Amino acid sequence: MKVLLVNTFDVGNGSAYAAYRLHQGLQDIGLTSELLVQFKFGDDTTVIGPKNKVTKAISSLERSLDNFHLKRSYPQTKGIFSAQGLPIRSHAVSKFNPDIINLHWINDGFWSIERIASIRQPIVWTMHDMWVFTGGCHYSQTCDRYTKTCGACPQLNSSKSNDLSRWVLKRKASSWSRLKLTLVSPSHWLAKCAQSSSLFPDVRVEVIPNGLDIKKYKPINQHLARDLLNLPQDKQLVLFGAVNATSDRRKGFHLLQPALQSLCQSGWSEKIELIVFGLSQPMQTDLGFKTRYLGRLNDDISLALVYAAADLFIAPSLEDNLPNTIMEALACGTPCVAFNIGGIPDLIEHQKNGYLAQPYNTEDLAQGISWVLENAERHQKLSERAREKVEKEFTLEIQAQRYAALFDEIVISNSQFAIRNSQFPYLTHK
């Protein structure tokens with residue numbers, strides 16, 4: 001079987017890493033897999049992206065133009081919003097001749113809504129956020145208008161019912177009504193959201209968690225990891241990190257800050273140091289603890305070392321699907337603390353491999369950190385269970401095998417349908 005995966009990037013953010021890892025996993029079990037991207041930064045020859053300065057410039061132009069109308073018409077937009085309405089060039093699928101297409105995150109002007117409608121092969125669309133079924137937002141916050149018609153979008157700061165969000169949702173409904181589409185959600189939470197949407201109430205939605213190479217992300221001797229990273233051996237290290245960790249409000253840094261300050265005031269000030277990755281510049285904010293900044297870490301070896309060096313990973317996100325960072329930390333035997341939201345409960349088992357705090361309760365978040373760290377024997381059990389959780393549910397092989405089975409089923413079903421229609425054309429629906 002030949003599979004074509006499509007994602008805007010090959011590295012650099014959560015969806016890119018998830019798509020590329022799946023691409024590798026499919027190859028490892030014998031499938032012919034190619035990954036088509038708008039922006040290629042790696043050197044994998046099975047990843048297809050712009051090959052010269054002209055096509056790279058066009059990709060950048062597509063990205064800019066797709067955001068131009070939004071910034072001009074809705075300058076007070078909050079969060080990420082994608083209209084996907086200005087295709088410049090056609091990304092030909094026919095030359096790859098795939099049996100099935102696996103879409104991932106295709107925003108930033110990569111594939112327009114109408115471009116997707118032209119695909120004739122069966123599509124499996126892996127959702128990395130909510131955009132697939134909303135009027136343009138990637139996370140709806142507290143809004144449920146995607147379950148109806150969108151409009152008066154709070155993220156656009158719009159009071160008009162017939163605004164950009166409604167236009168985008170109408171375009172999706174019109175363009176995608178005849179797609180041979182199956183949705184895949186990495187988390188149970190996102191699957192339920194998709195099923196409650198006005199776009200996909202009757203579309204098949206499968207839950208297949210993202211996978212991880214557990215040979216790369218694994219427990220490493222903590223003393224060795226700290227020695228290699230020049231981190232203190234006599235402190236308990238709390239790790240926090242994400243892409244745009246402090247600038248993206250969804251990541252929850254504004255809630256982490258008071259939680260840490262509360263923890264500091266309760267007697268932990270001399271016991272803990274905070275480690276932060278994902279930031280190139282130190283923050284001008286007092287977090288209550290001595291803080292070390294590691295900058296951006298993009299390779300598996302460095303990330304695995306950092307997770308292994310830490311006693312705890314904290315992810316204070318307001319909304320999230322199935323965060324790679326939590327999965328990576330657990331694989332390295334590092335207990336995690338986060339709010340009980342989104343797809344995070346699929347990863348963290350409360351008081352078994354970490355702590356799920358009441359949503360947005362900073363005191364409970366601080367209590368979770370304290371609970372994980374205060375008892376060494378309990379911490380060891382949490383660490384062991386963290387690794388076991390990933391080994392049983394989130395390996396790359398498990399993910400790839402589940403996708404392969406789904407692809408086989410869909411391709412066979414599509415072939416049988418095509419044969420029936422060729423034999424009995426009068427049964428074909430018009």
# chains A, B, ... in the order shown; residues from 1 in each chain; ligands from 1
>>> residues_around(residues="segment 103-114 of chain A", least_positions_apart="6", cutoff="8 Å", atoms="only C-alpha atoms", output="PyMOL selection string")
chain A and resi 5-8+15-16+19+38+59+62-67+82+84-87+91+123-128+171-172+175
>>> write_last_selection(atoms="N, CA, C and O atoms", output="tab-separated table (two decimals), in the first residue's frame")
chain	number	residue	atom	x	y	z
A	5	LEU	N	1.16	11.19	3.28
A	5	LEU	CA	0.83	12.05	4.41
A	5	LEU	C	1.05	13.50	4.00
A	5	LEU	O	1.98	13.79	3.23
A	6	VAL	N	0.22	14.40	4.51
A	6	VAL	CA	0.31	15.81	4.15
A	6	VAL	C	0.28	16.64	5.43
A	6	VAL	O	-0.63	16.52	6.25
A	7	ASN	N	1.31	17.48	5.60
A	7	ASN	CA	1.38	18.36	6.77
A	7	ASN	C	2.14	19.63	6.36
A	7	ASN	O	3.01	19.57	5.49
A	8	THR	N	1.83	20.75	6.97
A	8	THR	CA	2.48	22.00	6.57
A	8	THR	C	3.99	21.96	6.82
A	8	THR	O	4.77	22.43	6.00
A	15	SER	N	2.22	19.07	15.71
A	15	SER	CA	1.63	18.32	14.60
A	15	SER	C	2.69	17.81	13.64
A	15	SER	O	2.58	16.72	13.09
A	16	ALA	N	3.75	18.61	13.44
A	16	ALA	CA	4.83	18.20	12.54
A	16	ALA	C	5.55	16.97	13.07
A	16	ALA	O	5.78	16.00	12.34
A	19	ALA	N	3.18	13.93	12.80
A	19	ALA	CA	3.04	13.43	11.43
A	19	ALA	C	4.31	12.72	10.98
A	19	ALA	O	4.25	11.64	10.35
A	38	GLN	N	4.71	21.81	3.09
A	38	GLN	CA	4.88	23.13	2.50
A	38	GLN	C	6.24	23.72	2.84
A	38	GLN	O	6.85	24.42	2.03
A	59	SER	N	5.86	29.37	-1.34
A	59	SER	CA	5.29	28.83	-0.10
A	59	SER	C	5.16	29.92	0.95
A	59	SER	O	4.15	30.03	1.65
A	62	GLU	N	2.29	32.21	-0.03
A	62	GLU	CA	0.99	31.60	0.28
A	62	GLU	C	0.65	31.80	1.75
A	62	GLU	O	-0.48	32.13	2.11
A	63	ARG	N	1.64	31.61	2.58
A	63	ARG	CA	1.44	31.75	4.02
A	63	ARG	C	1.06	33.19	4.38
A	63	ARG	O	0.13	33.43	5.16
A	64	SER	N	1.74	34.15	3.78
A	64	SER	CA	1.49	35.56	4.07
A	64	SER	C	0.12	36.00	3.58
A	64	SER	O	-0.63	36.70	4.28
A	65	LEU	N	-0.23	35.60	2.36
A	65	LEU	CA	-1.50	36.02	1.78
A	65	LEU	C	-2.68	35.41	2.53
A	65	LEU	O	-3.74	36.05	2.65
A	66	ASP	N	-2.51	34.21	3.01
A	66	ASP	CA	-3.61	33.57	3.73
A	66	ASP	C	-3.94	34.33	5.01
A	66	ASP	O	-5.09	34.32	5.46
A	67	ASN	N	-2.95	34.99	5.59
A	67	ASN	CA	-3.17	35.75	6.82
A	67	ASN	C	-3.51	37.21	6.56
A	67	ASN	O	-3.93	37.92	7.48
A	82	SER	N	-7.55	30.33	11.00
A	82	SER	CA	-7.16	30.04	9.62
A	82	SER	C	-8.38	30.01	8.72
A	82	SER	O	-9.29	29.19	8.94
A	84	GLN	N	-7.99	29.70	5.21
A	84	GLN	CA	-7.62	28.78	4.13
A	84	GLN	C	-8.41	29.05	2.85
A	84	GLN	O	-9.04	28.17	2.30
A	85	GLY	N	-8.31	30.31	2.37
A	85	GLY	CA	-9.14	30.67	1.24
A	85	GLY	C	-8.43	31.19	0.02
A	85	GLY	O	-9.07	31.59	-0.95
A	86	LEU	N	-7.10	31.20	0.03
A	86	LEU	CA	-6.38	31.83	-1.09
A	86	LEU	C	-5.36	30.88	-1.69
A	86	LEU	O	-4.14	31.07	-1.53
A	87	PRO	N	-5.79	29.86	-2.39
A	87	PRO	CA	-4.82	28.95	-3.03
A	87	PRO	C	-4.12	29.64	-4.19
A	87	PRO	O	-4.76	30.26	-5.04
A	91	HIS	N	-1.24	21.66	-5.51
A	91	HIS	CA	-0.30	20.65	-5.04
A	91	HIS	C	-0.77	19.31	-5.58
A	91	HIS	O	-1.65	18.66	-5.00
A	123	ILE	N	-9.73	9.67	2.06
A	123	ILE	CA	-8.95	10.53	2.96
A	123	ILE	C	-9.13	10.08	4.40
A	123	ILE	O	-10.25	9.87	4.87
A	124	VAL	N	-8.01	9.94	5.09
A	124	VAL	CA	-8.02	9.82	6.54
A	124	VAL	C	-7.41	11.11	7.08
A	124	VAL	O	-6.27	11.43	6.78
A	125	TRP	N	-8.19	11.85	7.84
A	125	TRP	CA	-7.73	13.16	8.31
A	125	TRP	C	-7.45	13.09	9.80
A	125	TRP	O	-8.34	12.91	10.62
A	126	THR	N	-6.16	13.20	10.17
A	126	THR	CA	-5.75	13.19	11.56
A	126	THR	C	-5.86	14.60	12.12
A	126	THR	O	-5.17	15.52	11.67
A	127	MET	N	-6.71	14.79	13.10
A	127	MET	CA	-6.95	16.11	13.67
A	127	MET	C	-5.96	16.38	14.81
A	127	MET	O	-5.90	15.63	15.78
A	128	HIS	N	-5.22	17.46	14.67
A	128	HIS	CA	-4.29	17.85	15.74
A	128	HIS	C	-4.83	18.98	16.60
A	128	HIS	O	-4.24	19.31	17.62
A	171	ARG	N	-18.18	27.20	3.68
A	171	ARG	CA	-17.31	26.69	2.62
A	171	ARG	C	-16.95	25.24	2.88
A	171	ARG	O	-16.91	24.41	1.97
A	172	LYS	N	-16.65	24.91	4.12
A	172	LYS	CA	-16.32	23.53	4.46
A	172	LYS	C	-17.52	22.61	4.20
A	172	LYS	O	-17.37	21.54	3.60
A	175	SER	N	-18.00	22.28	0.39
A	175	SER	CA	-16.90	21.65	-0.34
A	175	SER	C	-16.68	20.19	0.05
A	175	SER	O	-16.28	19.37	-0.78
>>> select_by_dssp(residues="segment 159-384 of chain A", states="helix (DSSP H, G or I)", output="PyMOL selection string")
chain A and resi 164-175+188-195+222-229+249-251+253-268+300-309+324-331+344-346+362-373+376-384
>>> atom_distance(atom1="atom CA of Cys153 of chain A", atom2="atom CA of Asp129 of chain A")
17.5 Å
>>> atom_distance(atom1="atom CA of Phe200 of chain A", atom2="atom CA of Phe133 of chain A")
7.2 Å
>>> residues_around(residues="Gly354 of chain A", least_positions_apart="3", cutoff="10 Å", atoms="only C-alpha atoms", output="PyMOL selection string")
chain A and resi 312-314+330+334-338+347-351+357+368-369+371-372+379+382-383+385-386
>>> write_last_selection(atoms="N, CA, C and O atoms", output="mmCIF file, in the first residue's frame")
data_model
loop_
_atom_site.group_PDB
_atom_site.id
_atom_site.type_symbol
_atom_site.label_atom_id
_atom_site.label_comp_id
_atom_site.auth_asym_id
_atom_site.auth_seq_id
_atom_site.Cartn_x
_atom_site.Cartn_y
_atom_site.Cartn_z
ATOM 1 N N LEU A 312 9.911 16.225 37.612
ATOM 2 C CA LEU A 312 8.503 16.438 37.302
ATOM 3 C C LEU A 312 8.397 17.338 36.077
ATOM 4 O O LEU A 312 9.181 18.267 35.911
ATOM 5 N N PHE A 313 7.418 17.052 35.214
ATOM 6 C CA PHE A 313 7.115 17.939 34.092
ATOM 7 C C PHE A 313 5.735 18.534 34.322
ATOM 8 O O PHE A 313 4.783 17.813 34.662
ATOM 9 N N ILE A 314 5.621 19.843 34.128
ATOM 10 C CA ILE A 314 4.351 20.508 34.345
ATOM 11 C C ILE A 314 3.842 21.108 33.043
ATOM 12 O O ILE A 314 4.598 21.741 32.297
ATOM 13 N N LEU A 330 6.561 11.260 30.092
ATOM 14 C CA LEU A 330 6.162 9.982 30.674
ATOM 15 C C LEU A 330 7.043 8.842 30.178
ATOM 16 O O LEU A 330 7.426 7.953 30.950
ATOM 17 N N THR A 334 9.218 10.370 33.772
ATOM 18 C CA THR A 334 9.049 11.607 34.523
ATOM 19 C C THR A 334 7.564 11.869 34.776
ATOM 20 O O THR A 334 6.808 12.079 33.820
ATOM 21 N N PRO A 335 7.116 11.839 36.015
ATOM 22 C CA PRO A 335 5.708 12.119 36.311
ATOM 23 C C PRO A 335 5.315 13.519 35.843
ATOM 24 O O PRO A 335 6.154 14.427 35.794
ATOM 25 N N CYS A 336 4.030 13.696 35.529
ATOM 26 C CA CYS A 336 3.551 14.962 34.973
ATOM 27 C C CYS A 336 2.393 15.512 35.797
ATOM 28 O O CYS A 336 1.574 14.765 36.336
ATOM 29 N N VAL A 337 2.317 16.826 35.828
ATOM 30 C CA VAL A 337 1.227 17.536 36.488
ATOM 31 C C VAL A 337 0.581 18.463 35.470
ATOM 32 O O VAL A 337 1.279 19.192 34.759
ATOM 33 N N ALA A 338 -0.752 18.426 35.377
ATOM 34 C CA ALA A 338 -1.465 19.252 34.411
ATOM 35 C C ALA A 338 -2.908 19.406 34.868
ATOM 36 O O ALA A 338 -3.368 18.728 35.796
ATOM 37 N N LEU A 347 -3.495 10.614 28.903
ATOM 38 C CA LEU A 347 -2.076 10.386 29.194
ATOM 39 C C LEU A 347 -1.801 10.255 30.687
ATOM 40 O O LEU A 347 -1.118 9.325 31.127
ATOM 41 N N ILE A 348 -2.314 11.197 31.461
ATOM 42 C CA ILE A 348 -2.038 11.235 32.898
ATOM 43 C C ILE A 348 -3.152 10.524 33.656
ATOM 44 O O ILE A 348 -4.321 10.888 33.555
ATOM 45 N N GLU A 349 -2.787 9.488 34.414
ATOM 46 C CA GLU A 349 -3.709 8.815 35.316
ATOM 47 C C GLU A 349 -3.522 9.433 36.699
ATOM 48 O O GLU A 349 -2.437 9.342 37.278
ATOM 49 N N HIS A 350 -4.563 10.036 37.204
ATOM 50 C CA HIS A 350 -4.457 10.822 38.427
ATOM 51 C C HIS A 350 -3.890 10.008 39.592
ATOM 52 O O HIS A 350 -4.408 8.938 39.948
ATOM 53 N N GLN A 351 -2.801 10.505 40.139
ATOM 54 C CA GLN A 351 -2.099 9.932 41.280
ATOM 55 C C GLN A 351 -1.583 8.516 41.018
ATOM 56 O O GLN A 351 -1.310 7.768 41.948
ATOM 57 N N ALA A 357 -4.876 18.319 38.066
ATOM 58 C CA ALA A 357 -5.438 19.381 38.906
ATOM 59 C C ALA A 357 -6.801 19.817 38.373
ATOM 60 O O ALA A 357 -7.089 19.702 37.181
ATOM 61 N N GLY A 368 -0.528 19.708 43.348
ATOM 62 C CA GLY A 368 -0.101 18.567 42.547
ATOM 63 C C GLY A 368 1.411 18.448 42.472
ATOM 64 O O GLY A 368 1.971 17.344 42.574
ATOM 65 N N ILE A 369 2.086 19.575 42.288
ATOM 66 C CA ILE A 369 3.556 19.574 42.251
ATOM 67 C C ILE A 369 4.106 19.070 43.582
ATOM 68 O O ILE A 369 5.004 18.217 43.637
ATOM 69 N N TRP A 371 2.596 17.240 45.837
ATOM 70 C CA TRP A 371 2.235 15.834 46.072
ATOM 71 C C TRP A 371 3.182 14.890 45.342
ATOM 72 O O TRP A 371 3.585 13.860 45.881
ATOM 73 N N VAL A 372 3.563 15.234 44.135
ATOM 74 C CA VAL A 372 4.460 14.377 43.358
ATOM 75 C C VAL A 372 5.861 14.351 43.957
ATOM 76 O O VAL A 372 6.526 13.308 43.981
ATOM 77 N N HIS A 379 7.242 8.788 44.513
ATOM 78 C CA HIS A 379 7.749 9.329 43.247
ATOM 79 C C HIS A 379 8.313 8.214 42.378
ATOM 80 O O HIS A 379 8.125 8.204 41.150
ATOM 81 N N LEU A 382 5.432 6.419 40.762
ATOM 82 C CA LEU A 382 4.867 7.261 39.705
ATOM 83 C C LEU A 382 5.724 7.189 38.451
ATOM 84 O O LEU A 382 5.212 7.116 37.332
ATOM 85 N N SER A 383 7.028 7.216 38.656
ATOM 86 C CA SER A 383 7.967 7.166 37.541
ATOM 87 C C SER A 383 7.855 5.847 36.780
ATOM 88 O O SER A 383 7.844 5.821 35.545
ATOM 89 N N ARG A 385 5.269 3.808 36.678
ATOM 90 C CA ARG A 385 3.974 3.750 36.010
ATOM 91 C C ARG A 385 3.933 4.657 34.785
ATOM 92 O O ARG A 385 3.276 4.341 33.785
ATOM 93 N N ALA A 386 4.663 5.763 34.834
ATOM 94 C CA ALA A 386 4.725 6.675 33.685
ATOM 95 C C ALA A 386 5.289 5.962 32.472
ATOM 96 O O ALA A 386 4.722 6.018 31.371
#
>>> closest_residue(among="A:Gln399, A:Leu305, A:Gln265, A:Leu35", to="His223 of chain A", atoms="only C-alpha atoms")
A:Leu305
>>> closest_residue(among="A:Leu396, A:Ala57, A:Ile48, A:Ala366", to="Gln27 of chain A", atoms="only C-alpha atoms")
A:Leu396
>>> residues_around(residues="Pro209 of chain A", least_positions_apart="4", cutoff="9 Å", atoms="only C-alpha atoms", output="number ranges by chain")
A: 184-188, 322, 346, 393-394, 399
>>> residues_around(residues="Leu406 of chain A", least_positions_apart="3", cutoff="12 Å", atoms="only C-alpha atoms", output="list in words")
Met1, Val3, Ile100, Asn102, Pro122, Ile123, Val124, Trp125, Thr182, Leu183, Val184, Arg204, Val205, Glu206, Val207, Ile208, Gln399, Ala400, Gln401, Arg402, Tyr403, Glu409, Ile410, Val411, Ile412 and Ser413 of chain A
>>> write_last_selection(atoms="N, CA and C atoms", output="compact mmCIF listing (two decimals), in the first residue's frame")
# COMPACT_ATOMS: atom_id res chain seq x y z
N MET A 1 0.83 -1.19 0.00
CA MET A 1 0.00 0.00 0.00
C MET A 1 0.87 1.25 0.00
N VAL A 3 0.96 5.26 0.86
CA VAL A 3 0.28 6.29 1.64
C VAL A 3 0.98 7.62 1.44
N ILE A 100 -4.16 5.97 -0.58
CA ILE A 100 -4.92 6.70 0.43
C ILE A 100 -4.13 7.93 0.85
N ASN A 102 -3.45 10.72 3.91
CA ASN A 102 -3.59 11.00 5.33
C ASN A 102 -3.24 12.47 5.58
N PRO A 122 -9.56 8.10 -1.12
CA PRO A 122 -10.10 8.15 0.24
C PRO A 122 -9.15 8.92 1.16
N ILE A 123 -9.73 9.67 2.06
CA ILE A 123 -8.95 10.53 2.96
C ILE A 123 -9.13 10.08 4.40
N VAL A 124 -8.01 9.94 5.09
CA VAL A 124 -8.02 9.82 6.54
C VAL A 124 -7.41 11.11 7.08
N TRP A 125 -8.19 11.85 7.84
CA TRP A 125 -7.73 13.16 8.31
C TRP A 125 -7.45 13.09 9.80
N THR A 182 -12.62 9.84 6.53
CA THR A 182 -12.61 9.26 7.87
C THR A 182 -11.75 10.16 8.75
N LEU A 183 -12.25 10.51 9.91
CA LEU A 183 -11.49 11.35 10.84
C LEU A 183 -10.79 10.48 11.87
N VAL A 184 -9.58 10.87 12.21
CA VAL A 184 -8.85 10.22 13.30
C VAL A 184 -8.51 11.28 14.34
N ARG A 204 -17.43 8.98 10.25
CA ARG A 204 -16.71 8.04 11.11
C ARG A 204 -15.53 8.72 11.78
N VAL A 205 -15.42 8.58 13.09
CA VAL A 205 -14.31 9.15 13.85
C VAL A 205 -13.65 8.02 14.65
N GLU A 206 -12.37 7.79 14.40
CA GLU A 206 -11.60 6.79 15.13
C GLU A 206 -10.63 7.48 16.08
N VAL A 207 -10.41 6.88 17.23
CA VAL A 207 -9.40 7.40 18.17
C VAL A 207 -8.15 6.54 18.06
N ILE A 208 -7.09 7.15 17.56
CA ILE A 208 -5.77 6.49 17.49
C ILE A 208 -4.75 7.46 18.07
N GLN A 399 0.81 2.58 17.13
CA GLN A 399 0.14 3.59 16.31
C GLN A 399 0.14 3.20 14.83
N ALA A 400 1.31 2.83 14.32
CA ALA A 400 1.44 2.50 12.90
C ALA A 400 0.57 1.30 12.53
N GLN A 401 0.53 0.28 13.38
CA GLN A 401 -0.29 -0.90 13.09
C GLN A 401 -1.77 -0.54 13.06
N ARG A 402 -2.21 0.33 13.94
CA ARG A 402 -3.62 0.72 13.97
C ARG A 402 -3.98 1.53 12.73
N TYR A 403 -3.07 2.42 12.31
CA TYR A 403 -3.32 3.18 11.07
C TYR A 403 -3.32 2.25 9.86
N GLU A 409 -8.64 -1.39 5.61
CA GLU A 409 -10.10 -1.50 5.62
C GLU A 409 -10.74 -0.51 4.66
N ILE A 410 -10.27 0.74 4.69
CA ILE A 410 -10.87 1.79 3.86
C ILE A 410 -10.58 1.54 2.38
N VAL A 411 -9.35 1.18 2.04
CA VAL A 411 -8.98 0.95 0.64
C VAL A 411 -9.75 -0.24 0.07
N ILE A 412 -9.85 -1.32 0.84
CA ILE A 412 -10.60 -2.49 0.38
C ILE A 412 -12.07 -2.15 0.18
N SER A 413 -12.64 -1.44 1.13
CA SER A 413 -14.04 -1.05 1.03
C SER A 413 -14.28 -0.15 -0.17
>>> closest_residue(among="A:Glu374, A:Glu328, A:Asp364, A:Glu319", to="Thr142 of chain A", atoms="only C-alpha atoms")
A:Glu319
>>> residues_around(residues="Lys235 of chain A", least_positions_apart="6", cutoff="7 Å", atoms="only C-alpha atoms", output="ChimeraX atom specification")
/A:271-273
>>> write_last_selection(atoms="C-alpha atoms", output="PDB file, in the first residue's frame")
ATOM      1  CA  LYS A 271      14.328  22.739  47.450  1.00  0.00           C
ATOM      2  CA  ILE A 272      13.198  23.347  43.860  1.00  0.00           C
ATOM      3  CA  GLU A 273      14.723  24.823  40.738  1.00  0.00           C
TER       4      GLU A 273
END
>>> closest_residue(among="A:Gly49, A:Pro258, A:Pro154, A:Gly25", to="Gly211 of chain A", atoms="only C-alpha atoms")
A:Gly25
>>> residues_around(residues="Thr395 of chain A", least_positions_apart="3", cutoff="9 Å", atoms="only C-alpha atoms", output="NGL selection string")
:A and (210-214 or 390-392 or 398-400)
>>> closest_residue(among="A:Tyr146, A:Phe68, A:Tyr360, A:Phe289", to="Gly252 of chain A", atoms="only C-alpha atoms")
A:Tyr360
